[in-house]
Amino acid sequence: MTAELIFTRRFCMGHRLITGSSERCAIPHGHNEYVRVTLRPAKQARLDGHVNMILPFAEAKARWHGFVDEALDHSLQLSETDPLLAWFRQNEPQRAERIVVTPGDPTTELMAALMLAKLTAFLADQGDILRVHEIELEETPTNTVRLGGNPQHYLPVVNRPAKDCWWNRPDQSISDLP
């Protein structure tokens, strides 16, 4: 048996997919999504009979919930090659800061992998007390992606060191735009 901490967060987002895999999704549109993370302690240990917790809930979830609430909620997700990104950067640079920039189309599968990487970076930065067992991203009540393990196994190869990508940094970043 393994101890697990499970946290769920709801957020609103907009995106579009431009590769042609889903013509309906080529028009910007939005979803109300739920992200559920399951965390496990890096080392199994008996509760101590005093504090009786792996890590206080507030500490375990604070950075993650802050990222979802402040960076992801009401953001627009676009591929780094989407022409809308250039338009926003030129015409509304202050709004371009609210765009999640992804390597390729921002599908639910890719977003789950990026979020898995981001949460992994947060937890490593907190001392590696907890680790991500799995992440579930529910796009609609009928479509959910569940990932676990090393996020780098899912992510596309990019032309820069992985450590420099926003999804691998333990900060609030959602893009690598200058």
# chains A, B, ... in the order shown; residues from 1 in each chain; ligands from 1
call {"tool": "residues_around", "arguments": {"residues": "segment 81-85 of chain A", "least_positions_apart": "4", "cutoff": "9 Å", "atoms": "only C-alpha atoms", "output": "PDB file with all heavy atoms, in the first residue's frame"}}
result
ATOM      1  N   ARG A  16      -6.126  26.509 -29.846  1.00  0.00           N
ATOM      2  CA  ARG A  16      -6.472  26.064 -31.191  1.00  0.00           C
ATOM      3  C   ARG A  16      -5.371  25.144 -31.686  1.00  0.00           C
ATOM      4  O   ARG A  16      -4.214  25.270 -31.287  1.00  0.00           O
ATOM      5  CB  ARG A  16      -6.734  27.221 -32.134  1.00  0.00           C
ATOM      6  CG  ARG A  16      -5.537  27.895 -32.717  1.00  0.00           C
ATOM      7  CD  ARG A  16      -6.010  28.942 -33.721  1.00  0.00           C
ATOM      8  NE  ARG A  16      -4.897  29.454 -34.500  1.00  0.00           N
ATOM      9  CZ  ARG A  16      -4.991  29.850 -35.735  1.00  0.00           C
ATOM     10  NH1 ARG A  16      -6.143  29.809 -36.352  1.00  0.00           N
ATOM     11  NH2 ARG A  16      -3.953  30.331 -36.368  1.00  0.00           N
ATOM     12  N   LEU A  17      -5.768  24.213 -32.537  1.00  0.00           N
ATOM     13  CA  LEU A  17      -4.847  23.229 -33.098  1.00  0.00           C
ATOM     14  C   LEU A  17      -4.756  23.504 -34.594  1.00  0.00           C
ATOM     15  O   LEU A  17      -5.775  23.524 -35.281  1.00  0.00           O
ATOM     16  CB  LEU A  17      -5.354  21.806 -32.839  1.00  0.00           C
ATOM     17  CG  LEU A  17      -5.733  21.484 -31.390  1.00  0.00           C
ATOM     18  CD1 LEU A  17      -6.245  20.054 -31.274  1.00  0.00           C
ATOM     19  CD2 LEU A  17      -4.578  21.725 -30.444  1.00  0.00           C
ATOM     20  N   ILE A  18      -3.536  23.719 -35.108  1.00  0.00           N
ATOM     21  CA  ILE A  18      -3.394  24.166 -36.496  1.00  0.00           C
ATOM     22  C   ILE A  18      -2.770  23.138 -37.435  1.00  0.00           C
ATOM     23  O   ILE A  18      -2.630  23.407 -38.629  1.00  0.00           O
ATOM     24  CB  ILE A  18      -2.587  25.477 -36.573  1.00  0.00           C
ATOM     25  CG1 ILE A  18      -1.190  25.295 -35.987  1.00  0.00           C
ATOM     26  CG2 ILE A  18      -3.344  26.600 -35.884  1.00  0.00           C
ATOM     27  CD1 ILE A  18      -0.250  26.467 -36.220  1.00  0.00           C
ATOM     28  N   ARG A  89       2.060  39.236 -30.223  1.00  0.00           N
ATOM     29  CA  ARG A  89       3.326  39.855 -29.816  1.00  0.00           C
ATOM     30  C   ARG A  89       3.476  41.246 -30.426  1.00  0.00           C
ATOM     31  O   ARG A  89       3.988  42.155 -29.779  1.00  0.00           O
ATOM     32  CB  ARG A  89       4.497  38.972 -30.206  1.00  0.00           C
ATOM     33  CG  ARG A  89       4.539  37.705 -29.357  1.00  0.00           C
ATOM     34  CD  ARG A  89       5.727  36.862 -29.646  1.00  0.00           C
ATOM     35  NE  ARG A  89       6.910  37.493 -29.071  1.00  0.00           N
ATOM     36  CZ  ARG A  89       8.150  37.145 -29.378  1.00  0.00           C
ATOM     37  NH1 ARG A  89       8.369  36.199 -30.243  1.00  0.00           N
ATOM     38  NH2 ARG A  89       9.164  37.755 -28.810  1.00  0.00           N
ATOM     39  N   GLN A  90       2.992  41.421 -31.662  1.00  0.00           N
ATOM     40  CA  GLN A  90       3.119  42.718 -32.322  1.00  0.00           C
ATOM     41  C   GLN A  90       2.025  43.690 -31.887  1.00  0.00           C
ATOM     42  O   GLN A  90       2.297  44.863 -31.662  1.00  0.00           O
ATOM     43  CB  GLN A  90       3.067  42.548 -33.837  1.00  0.00           C
ATOM     44  CG  GLN A  90       3.192  43.863 -34.579  1.00  0.00           C
ATOM     45  CD  GLN A  90       3.220  43.675 -36.086  1.00  0.00           C
ATOM     46  OE1 GLN A  90       3.284  42.563 -36.583  1.00  0.00           O
ATOM     47  NE2 GLN A  90       3.167  44.771 -36.813  1.00  0.00           N
ATOM     48  N   ALA A  96       0.109  38.921 -24.859  1.00  0.00           N
ATOM     49  CA  ALA A  96       0.972  37.802 -25.266  1.00  0.00           C
ATOM     50  C   ALA A  96       1.584  37.126 -24.043  1.00  0.00           C
ATOM     51  O   ALA A  96       1.894  35.939 -24.077  1.00  0.00           O
ATOM     52  CB  ALA A  96       2.063  38.288 -26.218  1.00  0.00           C
ATOM     53  N   ILE A  99      -0.158  33.910 -22.893  1.00  0.00           N
ATOM     54  CA  ILE A  99      -0.238  32.801 -23.841  1.00  0.00           C
ATOM     55  C   ILE A  99       0.735  31.696 -23.433  1.00  0.00           C
ATOM     56  O   ILE A  99       1.931  31.945 -23.259  1.00  0.00           O
ATOM     57  CB  ILE A  99       0.049  33.277 -25.279  1.00  0.00           C
ATOM     58  CG1 ILE A  99      -1.026  34.287 -25.707  1.00  0.00           C
ATOM     59  CG2 ILE A  99       0.106  32.091 -26.241  1.00  0.00           C
ATOM     60  CD1 ILE A  99      -0.780  34.918 -27.060  1.00  0.00           C
ATOM     61  N   VAL A 101       2.862  28.919 -24.563  1.00  0.00           N
ATOM     62  CA  VAL A 101       3.479  28.603 -25.854  1.00  0.00           C
ATOM     63  C   VAL A 101       4.021  27.175 -25.787  1.00  0.00           C
ATOM     64  O   VAL A 101       4.844  26.844 -24.935  1.00  0.00           O
ATOM     65  CB  VAL A 101       4.593  29.602 -26.197  1.00  0.00           C
ATOM     66  CG1 VAL A 101       5.224  29.262 -27.544  1.00  0.00           C
ATOM     67  CG2 VAL A 101       4.040  31.030 -26.210  1.00  0.00           C
ATOM     68  N   THR A 102       3.531  26.346 -26.712  1.00  0.00           N
ATOM     69  CA  THR A 102       3.843  24.916 -26.681  1.00  0.00           C
ATOM     70  C   THR A 102       4.655  24.480 -27.894  1.00  0.00           C
ATOM     71  O   THR A 102       4.546  25.087 -28.967  1.00  0.00           O
ATOM     72  CB  THR A 102       2.543  24.093 -26.619  1.00  0.00           C
ATOM     73  OG1 THR A 102       1.757  24.336 -27.789  1.00  0.00           O
ATOM     74  CG2 THR A 102       1.721  24.443 -25.386  1.00  0.00           C
ATOM     75  N   PRO A 103       5.444  23.424 -27.753  1.00  0.00           N
ATOM     76  CA  PRO A 103       6.185  22.877 -28.898  1.00  0.00           C
ATOM     77  C   PRO A 103       5.250  22.015 -29.751  1.00  0.00           C
ATOM     78  O   PRO A 103       5.074  20.832 -29.509  1.00  0.00           O
ATOM     79  CB  PRO A 103       7.283  22.039 -28.232  1.00  0.00           C
ATOM     80  CG  PRO A 103       6.683  21.613 -26.926  1.00  0.00           C
ATOM     81  CD  PRO A 103       5.759  22.733 -26.509  1.00  0.00           C
ATOM     82  N   GLY A 104       4.592  22.629 -30.712  1.00  0.00           N
ATOM     83  CA  GLY A 104       3.570  21.950 -31.511  1.00  0.00           C
ATOM     84  C   GLY A 104       2.194  22.265 -30.962  1.00  0.00           C
ATOM     85  O   GLY A 104       2.034  23.063 -30.036  1.00  0.00           O
ATOM     86  N   ASP A 105       1.192  21.665 -31.550  1.00  0.00           N
ATOM     87  CA  ASP A 105      -0.186  21.933 -31.140  1.00  0.00           C
ATOM     88  C   ASP A 105      -0.407  21.650 -29.656  1.00  0.00           C
ATOM     89  O   ASP A 105       0.048  20.631 -29.138  1.00  0.00           O
ATOM     90  CB  ASP A 105      -1.160  21.068 -31.946  1.00  0.00           C
ATOM     91  CG  ASP A 105      -1.592  21.718 -33.240  1.00  0.00           C
ATOM     92  OD1 ASP A 105      -1.316  22.927 -33.440  1.00  0.00           O
ATOM     93  OD2 ASP A 105      -2.221  21.024 -34.060  1.00  0.00           O
TER      94      ASP A 105
END
call {"tool": "residues_around", "arguments": {"residues": "segment 61-75 of chain A", "least_positions_apart": "3", "cutoff": "7 Å", "atoms": "only C-alpha atoms", "output": "mmCIF file with all heavy atoms, in the first residue's frame"}}
result
data_model
loop_
_atom_site.group_PDB
_atom_site.id
_atom_site.type_symbol
_atom_site.label_atom_id
_atom_site.label_comp_id
_atom_site.auth_asym_id
_atom_site.auth_seq_id
_atom_site.Cartn_x
_atom_site.Cartn_y
_atom_site.Cartn_z
ATOM 1 N N PHE A 11 -9.696 24.908 -14.144
ATOM 2 C CA PHE A 11 -9.278 26.156 -14.777
ATOM 3 C C PHE A 11 -9.925 26.267 -16.147
ATOM 4 O O PHE A 11 -10.364 25.275 -16.733
ATOM 5 C CB PHE A 11 -7.743 26.265 -14.879
ATOM 6 C CG PHE A 11 -7.087 25.241 -15.753
ATOM 7 C CD1 PHE A 11 -6.700 25.557 -17.048
ATOM 8 C CD2 PHE A 11 -6.839 23.962 -15.287
ATOM 9 C CE1 PHE A 11 -6.082 24.613 -17.858
ATOM 10 C CE2 PHE A 11 -6.211 23.014 -16.096
ATOM 11 C CZ PHE A 11 -5.839 23.341 -17.378
ATOM 12 N N CYS A 12 -10.004 27.483 -16.640
ATOM 13 C CA CYS A 12 -10.559 27.761 -17.970
ATOM 14 C C CYS A 12 -9.396 28.075 -18.902
ATOM 15 O O CYS A 12 -8.414 28.686 -18.495
ATOM 16 C CB CYS A 12 -11.496 28.957 -17.914
ATOM 17 S SG CYS A 12 -12.888 28.732 -16.809
ATOM 18 N N MET A 13 -9.521 27.643 -20.134
ATOM 19 C CA MET A 13 -8.461 27.894 -21.102
ATOM 20 C C MET A 13 -9.040 28.017 -22.496
ATOM 21 O O MET A 13 -10.170 27.626 -22.741
ATOM 22 C CB MET A 13 -7.416 26.773 -21.057
ATOM 23 C CG MET A 13 -7.973 25.348 -21.204
ATOM 24 S SD MET A 13 -8.614 24.876 -22.825
ATOM 25 C CE MET A 13 -7.139 24.345 -23.633
ATOM 26 N N GLY A 14 -8.248 28.592 -23.381
ATOM 27 C CA GLY A 14 -8.576 28.628 -24.796
ATOM 28 C C GLY A 14 -7.389 28.067 -25.562
ATOM 29 O O GLY A 14 -6.260 28.118 -25.088
ATOM 30 N N PHE A 57 -0.763 19.877 3.741
ATOM 31 C CA PHE A 57 -1.437 20.072 2.458
ATOM 32 C C PHE A 57 -1.116 21.437 1.856
ATOM 33 O O PHE A 57 -0.838 21.551 0.668
ATOM 34 C CB PHE A 57 -2.948 19.926 2.601
ATOM 35 C CG PHE A 57 -3.442 18.511 2.630
ATOM 36 C CD1 PHE A 57 -4.789 18.259 2.841
ATOM 37 C CD2 PHE A 57 -2.604 17.431 2.456
ATOM 38 C CE1 PHE A 57 -5.278 16.960 2.875
ATOM 39 C CE2 PHE A 57 -3.066 16.128 2.481
ATOM 40 C CZ PHE A 57 -4.408 15.898 2.690
ATOM 41 N N ALA A 58 -1.179 22.474 2.693
ATOM 42 C CA ALA A 58 -0.947 23.828 2.185
ATOM 43 C C ALA A 58 0.422 23.932 1.525
ATOM 44 O O ALA A 58 0.575 24.550 0.470
ATOM 45 C CB ALA A 58 -1.080 24.841 3.311
ATOM 46 N N ARG A 98 0.079 36.212 -21.531
ATOM 47 C CA ARG A 98 -0.902 35.243 -21.009
ATOM 48 C C ARG A 98 -1.058 34.042 -21.943
ATOM 49 O O ARG A 98 -1.987 33.271 -21.799
ATOM 50 C CB ARG A 98 -2.268 35.931 -20.828
ATOM 51 C CG ARG A 98 -2.288 37.041 -19.815
ATOM 52 C CD ARG A 98 -2.283 36.543 -18.386
ATOM 53 N NE ARG A 98 -3.424 35.651 -18.171
ATOM 54 C CZ ARG A 98 -3.332 34.486 -17.533
ATOM 55 N NH1 ARG A 98 -2.202 34.077 -17.051
ATOM 56 N NH2 ARG A 98 -4.389 33.724 -17.379
ATOM 57 N N ILE A 99 -0.158 33.910 -22.893
ATOM 58 C CA ILE A 99 -0.238 32.801 -23.841
ATOM 59 C C ILE A 99 0.735 31.696 -23.433
ATOM 60 O O ILE A 99 1.931 31.945 -23.259
ATOM 61 C CB ILE A 99 0.049 33.277 -25.279
ATOM 62 C CG1 ILE A 99 -1.026 34.287 -25.707
ATOM 63 C CG2 ILE A 99 0.106 32.091 -26.241
ATOM 64 C CD1 ILE A 99 -0.780 34.918 -27.060
ATOM 65 N N VAL A 100 0.195 30.501 -23.280
ATOM 66 C CA VAL A 100 1.015 29.313 -23.045
ATOM 67 C C VAL A 100 1.549 28.892 -24.406
ATOM 68 O O VAL A 100 0.766 28.581 -25.305
ATOM 69 C CB VAL A 100 0.180 28.165 -22.421
ATOM 70 C CG1 VAL A 100 1.030 26.911 -22.254
ATOM 71 C CG2 VAL A 100 -0.434 28.592 -21.091
ATOM 72 N N LEU A 119 5.113 20.382 -12.674
ATOM 73 C CA LEU A 119 4.909 19.939 -11.295
ATOM 74 C C LEU A 119 6.129 19.170 -10.793
ATOM 75 O O LEU A 119 6.535 19.329 -9.640
ATOM 76 C CB LEU A 119 3.645 19.086 -11.191
ATOM 77 C CG LEU A 119 3.306 18.549 -9.797
ATOM 78 C CD1 LEU A 119 3.227 19.656 -8.758
ATOM 79 C CD2 LEU A 119 2.000 17.763 -9.858
ATOM 80 N N GLN A 172 6.775 30.428 -12.443
ATOM 81 C CA GLN A 172 5.418 30.624 -12.971
ATOM 82 C C GLN A 172 5.373 30.792 -14.485
ATOM 83 O O GLN A 172 4.335 31.141 -15.034
ATOM 84 C CB GLN A 172 4.773 31.842 -12.300
ATOM 85 C CG GLN A 172 4.570 31.694 -10.798
ATOM 86 C CD GLN A 172 3.480 30.685 -10.482
ATOM 87 O OE1 GLN A 172 2.425 30.695 -11.080
ATOM 88 N NE2 GLN A 172 3.749 29.801 -9.540
ATOM 89 N N ILE A 174 5.097 30.379 -18.504
ATOM 90 C CA ILE A 174 4.252 29.587 -19.416
ATOM 91 C C ILE A 174 4.730 29.707 -20.861
ATOM 92 O O ILE A 174 4.075 29.235 -21.779
ATOM 93 C CB ILE A 174 2.769 29.978 -19.306
ATOM 94 C CG1 ILE A 174 2.560 31.465 -19.568
ATOM 95 C CG2 ILE A 174 2.203 29.550 -17.956
ATOM 96 C CD1 ILE A 174 1.100 31.901 -19.638
#
call {"tool": "select_by_dssp", "arguments": {"residues": "segment 14-63 of chain A", "states": "alpha helix (DSSP H)", "output": "list of chain:residue names"}}
result
A:Phe57, A:Ala58, A:Glu59, A:Ala60, A:Lys61, A:Ala62, A:Arg63
call {"tool": "write_last_selection", "arguments": {"atoms": "all heavy atoms", "output": "tab-separated table (two decimals), in the first residue's frame"}}
result
chain	number	residue	atom	x	y	z
A	57	PHE	N	-0.76	19.88	3.74
A	57	PHE	CA	-1.44	20.07	2.46
A	57	PHE	C	-1.12	21.44	1.86
A	57	PHE	O	-0.84	21.55	0.67
A	57	PHE	CB	-2.95	19.93	2.60
A	57	PHE	CG	-3.44	18.51	2.63
A	57	PHE	CD1	-4.79	18.26	2.84
A	57	PHE	CD2	-2.60	17.43	2.46
A	57	PHE	CE1	-5.28	16.96	2.88
A	57	PHE	CE2	-3.07	16.13	2.48
A	57	PHE	CZ	-4.41	15.90	2.69
A	58	ALA	N	-1.18	22.47	2.69
A	58	ALA	CA	-0.95	23.83	2.19
A	58	ALA	C	0.42	23.93	1.52
A	58	ALA	O	0.58	24.55	0.47
A	58	ALA	CB	-1.08	24.84	3.31
A	59	GLU	N	1.42	23.31	2.12
A	59	GLU	CA	2.77	23.35	1.57
A	59	GLU	C	2.89	22.47	0.32
A	59	GLU	O	3.54	22.83	-0.66
A	59	GLU	CB	3.77	22.88	2.63
A	59	GLU	CG	5.21	23.10	2.26
A	59	GLU	CD	6.15	22.69	3.39
A	59	GLU	OE1	5.75	22.69	4.56
A	59	GLU	OE2	7.31	22.35	3.06
A	60	ALA	N	2.24	21.33	0.34
A	60	ALA	CA	2.32	20.39	-0.78
A	60	ALA	C	1.69	20.94	-2.04
A	60	ALA	O	2.14	20.66	-3.15
A	60	ALA	CB	1.66	19.06	-0.40
A	61	LYS	N	0.64	21.73	-1.90
A	61	LYS	CA	-0.10	22.16	-3.09
A	61	LYS	C	0.03	23.64	-3.44
A	61	LYS	O	-0.41	24.06	-4.49
A	61	LYS	CB	-1.58	21.81	-2.93
A	61	LYS	CG	-2.29	22.54	-1.82
A	61	LYS	CD	-3.71	22.06	-1.66
A	61	LYS	CE	-4.41	22.80	-0.55
A	61	LYS	NZ	-5.78	22.37	-0.38
A	62	ALA	N	0.65	24.44	-2.59
A	62	ALA	CA	0.65	25.89	-2.77
A	62	ALA	C	1.21	26.33	-4.13
A	62	ALA	O	0.57	27.09	-4.85
A	62	ALA	CB	1.40	26.58	-1.64
A	63	ARG	N	2.40	25.89	-4.48
A	63	ARG	CA	3.01	26.35	-5.73
A	63	ARG	C	2.23	25.86	-6.94
A	63	ARG	O	2.04	26.58	-7.92
A	63	ARG	CB	4.46	25.90	-5.82
A	63	ARG	CG	5.35	26.69	-4.87
A	63	ARG	CD	6.75	26.17	-4.85
A	63	ARG	NE	7.49	26.62	-6.02
A	63	ARG	CZ	8.75	26.29	-6.23
A	63	ARG	NH1	9.40	25.52	-5.37
A	63	ARG	NH2	9.38	26.73	-7.29
call {"tool": "select_by_dssp", "arguments": {"residues": "segment 115-173 of chain A", "states": "strand (DSSP E or B)", "output": "PyMOL selection string"}}
result
chain A and resi 130-140+143-148
call {"tool": "atom_distance", "arguments": {"atom1": "atom CA of Leu130 of chain A", "atom2": "atom CA of Tyr154 of chain A"}}
result
20.8 Å
call {"tool": "closest_residue", "arguments": {"among": "A:Lys163, A:Ser175, A:Leu110, A:Leu47", "to": "Glu136 of chain A", "atoms": "only C-alpha atoms"}}
result
A:Leu110
call {"tool": "closest_residue", "arguments": {"among": "A:Leu76, A:Leu5, A:Ala121, A:Cys165", "to": "His31 of chain A", "atoms": "only C-alpha atoms"}}
result
A:Leu76
call {"tool": "residues_around", "arguments": {"residues": "Arg10 of chain A", "least_positions_apart": "3", "cutoff": "8 Å", "atoms": "only C-alpha atoms", "output": "ChimeraX atom specification"}}
result
/A:32-35
call {"tool": "closest_residue", "arguments": {"among": "A:Ile129, A:Leu123, A:Leu114, A:Leu55", "to": "Gln152 of chain A", "atoms": "only C-alpha atoms"}}
result
A:Leu114
call {"tool": "closest_residue", "arguments": {"among": "A:Ala42, A:Ala112, A:Ile27, A:Val37", "to": "Gly127 of chain A", "atoms": "only C-alpha atoms"}}
result
A:Ala42
call {"tool": "closest_residue", "arguments": {"among": "A:Leu137, A:Met53, A:Cys25, A:Val158", "to": "Glu4 of chain A", "atoms": "only C-alpha atoms"}}
result
A:Met53
call {"tool": "closest_residue", "arguments": {"among": "A:Met111, A:Ala86, A:Leu116, A:Ala45", "to": "Asn150 of chain A", "atoms": "only C-alpha atoms"}}
result
A:Leu116
call {"tool": "decode", "arguments": {"residues": "segment 134-149 of chain A", "atoms": "N, CA, C and O atoms", "output": "PDB file, in the first residue's frame"}}
result
ATOM      1  N   GLU A 134       0.971  10.428 -10.921  1.00  0.00           N
ATOM      2  CA  GLU A 134       0.275  10.607 -12.190  1.00  0.00           C
ATOM      3  C   GLU A 134      -0.446  11.940 -12.208  1.00  0.00           C
ATOM      4  O   GLU A 134      -0.669  12.566 -11.173  1.00  0.00           O
ATOM      5  N   ILE A 135      -0.757  12.338 -13.406  1.00  0.00           N
ATOM      6  CA  ILE A 135      -1.528  13.552 -13.621  1.00  0.00           C
ATOM      7  C   ILE A 135      -2.657  13.198 -14.585  1.00  0.00           C
ATOM      8  O   ILE A 135      -2.456  12.424 -15.521  1.00  0.00           O
ATOM      9  N   GLU A 136      -3.837  13.727 -14.306  1.00  0.00           N
ATOM     10  CA  GLU A 136      -4.986  13.560 -15.200  1.00  0.00           C
ATOM     11  C   GLU A 136      -5.447  14.940 -15.621  1.00  0.00           C
ATOM     12  O   GLU A 136      -5.635  15.818 -14.786  1.00  0.00           O
ATOM     13  N   LEU A 137      -5.629  15.110 -16.908  1.00  0.00           N
ATOM     14  CA  LEU A 137      -6.144  16.367 -17.439  1.00  0.00           C
ATOM     15  C   LEU A 137      -7.442  16.061 -18.168  1.00  0.00           C
ATOM     16  O   LEU A 137      -7.446  15.350 -19.180  1.00  0.00           O
ATOM     17  N   GLU A 138      -8.526  16.564 -17.620  1.00  0.00           N
ATOM     18  CA  GLU A 138      -9.853  16.340 -18.196  1.00  0.00           C
ATOM     19  C   GLU A 138     -10.234  17.547 -19.035  1.00  0.00           C
ATOM     20  O   GLU A 138     -10.485  18.633 -18.524  1.00  0.00           O
ATOM     21  N   GLU A 139     -10.259  17.341 -20.351  1.00  0.00           N
ATOM     22  CA  GLU A 139     -10.621  18.418 -21.280  1.00  0.00           C
ATOM     23  C   GLU A 139     -12.128  18.618 -21.315  1.00  0.00           C
ATOM     24  O   GLU A 139     -12.625  19.730 -21.354  1.00  0.00           O
ATOM     25  N   THR A 140     -12.839  17.515 -21.363  1.00  0.00           N
ATOM     26  CA  THR A 140     -14.303  17.515 -21.331  1.00  0.00           C
ATOM     27  C   THR A 140     -14.717  16.348 -20.432  1.00  0.00           C
ATOM     28  O   THR A 140     -13.883  15.491 -20.119  1.00  0.00           O
ATOM     29  N   PRO A 141     -15.977  16.268 -20.056  1.00  0.00           N
ATOM     30  CA  PRO A 141     -16.404  15.131 -19.231  1.00  0.00           C
ATOM     31  C   PRO A 141     -16.188  13.770 -19.898  1.00  0.00           C
ATOM     32  O   PRO A 141     -16.176  12.748 -19.223  1.00  0.00           O
ATOM     33  N   THR A 142     -15.978  13.753 -21.210  1.00  0.00           N
ATOM     34  CA  THR A 142     -15.773  12.477 -21.904  1.00  0.00           C
ATOM     35  C   THR A 142     -14.347  12.268 -22.394  1.00  0.00           C
ATOM     36  O   THR A 142     -14.047  11.215 -22.966  1.00  0.00           O
ATOM     37  N   ASN A 143     -13.438  13.249 -22.226  1.00  0.00           N
ATOM     38  CA  ASN A 143     -12.060  13.137 -22.710  1.00  0.00           C
ATOM     39  C   ASN A 143     -11.075  13.489 -21.608  1.00  0.00           C
ATOM     40  O   ASN A 143     -11.001  14.642 -21.183  1.00  0.00           O
ATOM     41  N   THR A 144     -10.308  12.504 -21.178  1.00  0.00           N
ATOM     42  CA  THR A 144      -9.301  12.697 -20.138  1.00  0.00           C
ATOM     43  C   THR A 144      -8.008  12.032 -20.560  1.00  0.00           C
ATOM     44  O   THR A 144      -8.016  10.950 -21.137  1.00  0.00           O
ATOM     45  N   VAL A 145      -6.889  12.699 -20.268  1.00  0.00           N
ATOM     46  CA  VAL A 145      -5.566  12.126 -20.495  1.00  0.00           C
ATOM     47  C   VAL A 145      -4.937  11.882 -19.132  1.00  0.00           C
ATOM     48  O   VAL A 145      -4.985  12.748 -18.255  1.00  0.00           O
ATOM     49  N   ARG A 146      -4.332  10.710 -18.959  1.00  0.00           N
ATOM     50  CA  ARG A 146      -3.644  10.364 -17.713  1.00  0.00           C
ATOM     51  C   ARG A 146      -2.213   9.963 -18.052  1.00  0.00           C
ATOM     52  O   ARG A 146      -1.988   9.099 -18.893  1.00  0.00           O
ATOM     53  N   LEU A 147      -1.258  10.618 -17.396  1.00  0.00           N
ATOM     54  CA  LEU A 147       0.161  10.316 -17.611  1.00  0.00           C
ATOM     55  C   LEU A 147       0.855  10.098 -16.270  1.00  0.00           C
ATOM     56  O   LEU A 147       0.474  10.695 -15.264  1.00  0.00           O
ATOM     57  N   GLY A 148       1.868   9.285 -16.277  1.00  0.00           N
ATOM     58  CA  GLY A 148       2.699   9.075 -15.108  1.00  0.00           C
ATOM     59  C   GLY A 148       4.118   8.803 -15.558  1.00  0.00           C
ATOM     60  O   GLY A 148       4.382   8.577 -16.734  1.00  0.00           O
ATOM     61  N   GLY A 149       5.034   8.846 -14.617  1.00  0.00           N
ATOM     62  CA  GLY A 149       6.422   8.572 -14.943  1.00  0.00           C
ATOM     63  C   GLY A 149       7.190   9.821 -15.313  1.00  0.00           C
ATOM     64  O   GLY A 149       6.816  10.935 -14.958  1.00  0.00           O
TER      65      GLY A 149
END
